[in-house]
Each structure stands twice: as C-alpha cells, then as structure tokens.
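In what follows, a single structure is set out as structure tokens and then discussed.
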There are 2 protein chains.
Amino acid sequence: MDMRRLVGLNFSRIRKARGLTQEGLSEISGFTQQYISDLERGRRNPTVVTLFHLASALDVEPYELLVESES
Amino acid sequence: MDMRRLVGLNFSRIRKARGLTQEGLSEISGFTQQYISDLERGRRNPTVVTLFHLASALDVEPYELLVESES
C-alpha cells in the first residue's frame with residue numbers, strides 16, 4: 001500500500017478511536033484541519049520528524065502510523 | 001529520541017546485520033553512499049515514501065525503522 005495512504009488510514013482510524021474530530025484535533029495539535037484532511041486522504045508525504053509530531057498529537061508511537069493493520 | 005537519529009541507528013544496525021557495507025547497499029539500492037552515511041548519522045529527515053524505499057532496500061517493513069529497539 002502507498003505509504004501516504006497507509007499513514008492517512010492509520011491516522012484517521014486512531015483519531016476516531018480517540019473520539020476526536022479533525023477540527024478538535026487541529027485545535028490541540030497545531031496542525032491545520034486542512035493538513036489533517038489532506039493527510040487522511042493520502043495527499044501528504046510527511047517527514048519522519050512531522051510523523052513524530054503527528055503521532056504525539058494522537059498519543060501513539062510514530063511506528064504505529066506505519067503499521068499495516070489487519071482491519 | 002530524535003526521529004532522524006532513531007532512523008539512522010535502526011538503518012545502520014539492520015544494514016550491518018545484513019552484512020552490507022554502505023557502498024554495497026548504495027549499489028543495490030539507488031541511494032548514494034553519501035545519503036546513506038548522512039542518514040545513519042541522523043542528518044537526514046526522510047519522508048514516509050523515502051522511508052518505504054529505504055526499508056525495501058534492507059528488506060524490512062518501514063515501521064521497523066521507527067521502532068525504538070531495547071539494544
């Protein structure tokens with residue numbers, strides 16, 4: 001699977017599991033709602049440093065955004 | 001740990017475990033020896049797409065380059 005799509009799918013799944021909307025997450029993370037929306041649609045290609053900040057916003061480890069989950 | 005350093009340490013550890021030199025890996029991967037050297041010293045900030053190609057060069061999953069190993 002394309003990495004941008006994988007990161008987007010994982011990020012969206014975890015965000016929803018945390019009960020957060022894109023708007024809500026943007027307020028607490030410093031990422032714009034547009035960036036989050038683009039990311040979740042596989043339209044962003046974040047660096048590993050940005051991945052760290054994205055993972056921190058969801059309180060997960062960065063590698064968790066790159067794991068291909070069975071679901 | 002800084003993500004650039006983490007990726008570098010993991011990449012170097014796995015490369016050596018594969019018995020590959022930086023020069024040898026650069027010949028089979030398309031990454032220059034300079035890039036590999038910089039990466040392993042934590043001087044590069046690869047995107048997730050580049051991370052996929054780096055992981056493929058070592059025949060590991062991309063997330064394995066982001067896991068904080070105990071060793």
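Chain labels run A, B, ... following the order of the structure tokens; each chain numbers its residues from 1, and ligands are numbered from 1 in the order shown.
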- request: Please determine the contact residues of chain B with respect to chain A at a cut-off of 10 Å, counting only C-alpha atoms, and supply them as a ChimeraX atom specification.
  value: /B:2-4,6-7,44-52,61-68
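Residues in contact with region 11-24 of chain A at 10 Å, where only C-alpha atoms are counted and same-chain residues fewer than 6 positions away are skipped, are listed as Arg5, Phe31, Thr32, Gln33, Gln34, Tyr35, Ile36, Ser37, Leu39, Glu40, Arg41, Leu54, Ala55, Ala57, Leu58, Asp59, Val60, Glu64, Leu65 and Leu66 of chain A.
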Just list as an MDAnalysis selection string whatever in chain B DSSP marks as alpha helix (DSSP H). chainID B and resid 3:17 22:29 33:40 48:57
Point-to-point distance from CA of His53 (chain B) to CA of Gly8 (chain B), Å rounded to tenths
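Computed distance, CA of His53 (chain B) to CA of Gly8 (chain B), equals 14.4 Å.
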What separates CA of Ser56 (chain B) and CA of Met1 (chain A) is a distance of 12.9 Å
- So how many Å separate CA of Ser69 (chain A) and CA of Leu25 (chain A), to one decimal?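 Computing the Euclidean distance for CA of Ser69 (chain A) and CA of Leu25 (chain A) yields 22.2 Å.
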